[in-house]
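Asks: Got a structure for you, written out below as structure tokens; questions coming shortly.
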Amino acid sequence: MTFWALFSRNKGAVVGLGILAVITVMAATAGLFFPQDPFSLAGKPMSGPGENGFLLGSDSLGRDVAAGIAHGAKTSLLIGLLATLVAVLVGVVMGALAGYYGGWIDNLLMRVTEMFQTIPSFVFAILLVAIMKPSIESIVIAIAIVSWPAVARLVRGEFLSLRNREFVQACHTLGMSDLRIMLVEILPNCLSPVIVIGSLMVATAILIESGLAFLGLGDPNIMSWGFQVGAGRTLLRSAWWVCTFPGIAILLTVLAINLVGEGINDALNPRLRERT
Amino acid sequence: MTRLLDITDLHVALPENSQRPYAVEKLDLHLDQNEILCVVGESGSGKSLTARAVMGLLPKPHVRIAKGVVSFNGEDLAAASDERLRQIRGSDISMIFQEPMTALNPVMTIGVQIDEVFRFHEKMPGRERRARALQLLRDVHLPDPEQTLNAYPHELSGGQRQRAMIAMALALDPQILIADEPTTALDVTTQAQVLKLIKEMQAAHNTGVLFITHDFGVVADIADRVAVMQNGLLVETGTTEQVLRRPEHPYTKSLIAAVPDLVPRPARPRSDETVLKVNGLEKVYRSGGGIFGGKERVVHAANKVTLDLARGETLGIVGESGSGKSTVARCIVRLNDADAGEILLGDVDLRPLGRAAMRPHRSKIQMVFQDPFASLNPRVRVGKIIAQGPLMYGATPEEARTRTLELLETVGLDERAHDRFPHEFSGGQRQRIGIARALALEPEILVADEPVSALDVSIQAQILKLLDEIRDKMNLSMVFITHDLRVAAQVCDRIAVMQRGKLVEIGPTGAMFANPKEPYTQELLAAVPGREWFAKEPSARAQVG
Amino acid sequence: MSIAARRARYVVKRLLQAIPIVLAIVILNFFLLQLAEGDAVDVLAGEAGSATPEYMAELRAKFGLDQPLPVQLAVYLKNVVMFDLGYSFRHEMPVSELIFDRVLATLLLMVSTILFAVGFGIVLGLIAAMGLNTWRDTAISILSLITYATPLFWVGLMLIVVFSLNLGWFPTSGMENFAMFYEGWDRVFDIAHHLVLPTITLSLFYLALYTRLMRASMLEQAGQDYVTTARAKGVTERRIMFVHVLRNALLPVVTMAGVQVGALIGGSVIVESVFAWPGLGMLAFEALFARDLNLLLGIFLLSALLVVAVNLVVDIVYSSLDPRIEVG
């Protein structure tokens, strides 16, 4: 069966992909529908949803919640993808080296991941962003730093088991170089779990980003969902919509990515699915 | 004689879109008191599902009894309620399994697991249950029953675990014992002991035993009657004497013919030229230890191993698991680095060579691996798997392609295999691909590590024949690692017996089989299942083979 | 050796193994401090308004900042061992005192969250696995999918909107109502009352996690050979589920509970700041606002140590559940 046939057996995954497509389109067209700076005053403050031309209402400074959500989608997706990309790259390299060579590299890596498991990663991310001063780069770096060890552990495990497989040993008896064995023989065989963990990590990265922004550690020049919720929390009593809608946006995005991730998992590891 | 079990017209249905509609079809089978019935067949024959159908243990809801009667003392088990089946299981009919490690719950002690049998079938005070459990463990000859009762499965050896399983199965003196390949996962000497135990217990309790196996040697040792299954159908039944001596169905004949003889092959003249010499090879594995790690485990996997290989001969290295036979093979092909000793290929000692220095010698020693499913990269096409070696050593793509196609033909595969992926092939075909890969560099020495142990008997014979042919055709010398003395007898000119890292005995196959010098060699030979049976009358088998 | 003695030795061994991790965290903290403060003297001098270079050099010497890095590290290590985590200029109090004031509130929140999330997660996962593909399974799976994707701060705010502002069932913030001067059991009930919403908020994500894990783990274990053996012995399905399968299925859940403690502390920063729960997380939020990095680092260090301690406890619990772990 093709990848798509396997993927679409999981109905939730197809729904997730649909939601994700809508959000992506929303992010891509934000500038088209909401050409104004989402931080700017767009009309009467504290308007409810549907009032005064605000689809989802406005906040105490008259900012358009809908515009914020559209522009925030860009931020969430961008940071989620970038941070995951960096984390996966670093994680794959570290995990591959540790799993393949073992020895001190492996020891070092295991100690490092053990440490990362121990330190509260969100607190660590807060610290890193606070030290580096909030900006897109610092947020991406902070999220990547707390995320790569998971990838490294996974890849290490895969390499560890694959390097003892007989087909890899057969390559050794042919005298193949380590680099080639790692890249050509082993890596393609452990790509599917990496893709799965990567897709789920995008969701986690978006959650971390929104949490940072909620605490006031977002890039001050860029609209983000977490920031919107954080800014609206003082208005809970008078303007519930300011917090509610951006939160729903985060929820839907993360849910959609998780669903897609599971669909990819089912499609790439069909045997695992039969077991459950 | 009392009829315990009467199976008539049993159909076991597989889920839709399976390869065939029924796993077991039109099966008629019966089992009497005080007899051992062996159900023999290769993988996929439906023998295990038959056993499970009797127990009401089919993997529900996908696999089910579609039709037929399983009559146990007149009661139809196929129609019995779940609760009734539960009552019968463990008390009237019990079962032992292939892999005792996974068949026992890892977080419960042996004592608790035996105790459950009593608790769920009979009202008995705790002290009496314990006393009976102890007696059971004594009956199956487990050392130190008191301690075993409190032991967890991982604390016992494979053979001990299977003994504990047997004790558990016999706890309530069942009328029927179903044994599903109970010795397949065990070493040959352990297997012999467990088989003896099953026979002993069966005789003592007049039990009817339904024994599932793929091994005709085991059949010869233990069976009173034999039933042969193929693709879900019963093809032949009869007494052991009838089926083994005068098989009627062609499938039975071919299966029996495929059982390798314990009679060694005729000796061949040995070349004076030594191609490989291993001197005092040492390899020690250490695990645990470290700063906080507690006790360090030291395994001496190769302890001063010395052997030599003449041009054109096949040297077998035989031993049980943990004997170090694979370690020696892996050191020779330099997959593992030996700690000390010499590996002389011609005049060059390979042992101290680094990667770069080793490279020119790599092509001369190639390896064939055990597991045909793990030894081929699932993401690379067969043609490329074979051509990889020549390409690395400077062949042009055309040369490599021609060579690959030639090799495919040599190992008996169609040239269409070239562009396919490994998963499209059966186990035997994959092993052929693995052999072709090893031959691609035109080696002088082929090291084969258990090359047939993952294959069905009929396929085994073909691969062994192929290895023999290519050795002669390409003037190869071969090191053949195996745990199976019958296989060794078929292909090896000389045999080296290993035990716990040490080379116990080495010599020509014929001489060693006729007159084993070391006690361990004698023990190994005596443990080969079906030894007497198949040694008696080779001529009867020659006509079908 | 008796079992108790072996267990004691195991605990000591695990304690020793934790030392390098703790050391690594302290060193990491030291370097973060270097990055963050640059030079504490600049801060002090900045606050004092005007400072001559001579005065600053004098200050540096006083604080040991003119020493080479390794010496500073050694001094820092010594200070940490003495529980001297520096001084918070904003609160004008030693960091350690600030932290110890707040740690109990966080511990309370964490313990109640772990109990709630692990307990209900196991129960829900069990229900889902036993009714595989029934409506119960589907409902639990969908619910856990959604809660797994919900940002904590948003759940908290929504719960406040519904249960505090609209229904008035629970207080919106704080840990207790100081105005009432409750004592004894009344005070306990008051704190418990305040604890409900923060606990639920912090739990939801982990509840979803443990539910999914428990379900998957039950299903995996139910397919193992030993289950067939138990059936072949005539053991009842009830006992197979609740004794054989359950005990094996719990093992990964316990492991995960240990792994997730770190994440839980991260979540408590958000939850405490939403509910103004006076714990470490709230303190971290305040420190963040006041740019009090010294305090933030102290909290970071202590929370990491907390995780090490909890992991130790989890390991010991695990070793008593799984006989394959060598305690000898």
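We label chains A, B, ... in the order they appear in the structure tokens, count residues from 1 in each chain, and number ligands from 1 in the order shown.
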Please, which residues of chain A lie no more than 7 Å from chain C when the count uses only C-alpha atoms, and can they be set out as number ranges by chain?

Replies: A: 115, 117-123, 131, 207, 236, 247, 251, 254-255, 276

Asks: With a cut-off of 6 Å, could you pull out the residues of chain B touching chain A and give me the nearest pair of atoms for each, distance in Å to one decimal, using only C-alpha atoms, ordered by chain and ascending number, as a tab-separated table?

Replies:
```
residue	atom	partner	partner_atom	distance
B:Arg359	CA	A:Gly175	CA	5.9
B:Ala374	CA	A:Glu166	CA	5.6
B:Ser375	CA	A:Phe167	CA	4.0
B:Leu376	CA	A:Phe167	CA	4.8
B:Asn377	CA	A:Phe167	CA	5.6
B:Gly389	CA	A:Leu174	CA	5.9
```

Asks: What does the distance between CA of Val196 in chain C and CA of Phe170 in chain C come to in Å, to one decimal place?

Replies: 7.7 Å

Asks: Identify every residue of chain C that has at least one atom within 8 Å of any atom of chain B, counting only C-alpha atoms, and report the result as a list in words.

Replies: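 Selected residues: Lys13, Leu16, Gln17, Gln224, Asp225, Tyr226, Val227, Thr228, Thr229, Arg231, Ala232, Lys233, Gly234, Val235, Thr236, His244, Arg247, Asn248, Leu321, Asp322, Pro323, Arg324 and Gly328 of chain C.
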
Asks: Could you turn the residues from that selection into a file that holds N, CA and C atoms, as a compact mmCIF listing (two decimals), in the first residue's frame?

Replies:
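Dumped to result-v5.txt:
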```txt
# COMPACT_ATOMS: atom_id res chain seq x y z
N LYS C 13 23.59 3.25 46.42
CA LYS C 13 24.19 3.24 45.09
C LYS C 13 23.54 4.30 44.20
N LEU C 16 24.68 7.72 45.14
CA LEU C 16 26.00 8.02 44.62
C LEU C 16 25.93 8.35 43.13
N GLN C 17 25.06 7.60 42.41
CA GLN C 17 24.95 7.84 40.98
C GLN C 17 24.35 9.21 40.69
N GLN C 224 1.11 -10.71 25.39
CA GLN C 224 2.34 -11.46 25.70
C GLN C 224 2.06 -12.94 25.93
N ASP C 225 3.12 -13.73 25.79
CA ASP C 225 2.98 -15.18 25.94
C ASP C 225 2.50 -15.59 27.33
N TYR C 226 2.96 -14.87 28.36
CA TYR C 226 2.62 -15.32 29.70
C TYR C 226 1.13 -15.24 29.96
N VAL C 227 0.43 -14.39 29.20
CA VAL C 227 -1.02 -14.33 29.33
C VAL C 227 -1.65 -15.62 28.80
N THR C 228 -1.12 -16.10 27.69
CA THR C 228 -1.59 -17.38 27.17
C THR C 228 -1.34 -18.49 28.18
N THR C 229 -0.15 -18.47 28.79
CA THR C 229 0.15 -19.47 29.80
C THR C 229 -0.87 -19.43 30.93
N ARG C 231 -3.87 -18.33 30.83
CA ARG C 231 -5.14 -18.88 30.34
C ARG C 231 -5.08 -20.39 30.32
N ALA C 232 -3.94 -20.91 29.85
CA ALA C 232 -3.79 -22.36 29.74
C ALA C 232 -3.86 -23.03 31.11
N LYS C 233 -3.55 -22.24 32.16
CA LYS C 233 -3.63 -22.79 33.50
C LYS C 233 -5.05 -22.76 34.04
N GLY C 234 -5.94 -22.05 33.31
CA GLY C 234 -7.30 -21.94 33.79
C GLY C 234 -7.50 -20.81 34.78
N VAL C 235 -6.59 -19.85 34.78
CA VAL C 235 -6.77 -18.67 35.63
C VAL C 235 -7.91 -17.83 35.05
N THR C 236 -8.71 -17.21 35.93
CA THR C 236 -9.84 -16.42 35.44
C THR C 236 -9.37 -15.17 34.72
N HIS C 244 -1.91 -10.38 36.52
CA HIS C 244 -0.80 -10.64 35.59
C HIS C 244 -0.48 -9.42 34.74
N ARG C 247 0.17 -5.62 36.58
CA ARG C 247 1.43 -5.37 37.24
C ARG C 247 2.54 -5.09 36.23
N ASN C 248 2.54 -5.82 35.14
CA ASN C 248 3.54 -5.56 34.10
C ASN C 248 3.28 -4.25 33.39
N LEU C 321 8.87 -3.07 42.24
CA LEU C 321 7.82 -3.61 41.37
C LEU C 321 8.39 -4.60 40.36
N ASP C 322 9.61 -4.36 39.92
CA ASP C 322 10.19 -5.19 38.88
C ASP C 322 11.39 -5.97 39.43
N PRO C 323 11.22 -7.28 39.62
CA PRO C 323 12.31 -8.07 40.21
C PRO C 323 13.53 -8.15 39.32
N ARG C 324 13.36 -7.80 38.02
CA ARG C 324 14.51 -7.91 37.13
C ARG C 324 15.55 -6.84 37.37
N GLY C 328 21.00 -5.72 44.11
CA GLY C 328 22.18 -6.19 44.84
C GLY C 328 23.41 -5.39 44.57
```

Asks: Using only C-alpha atoms, which residues sit within 12 Å of Arg153 in chain A once same-chain residues fewer than 4 positions away are excluded, as a count of residues only?

Replies: 31
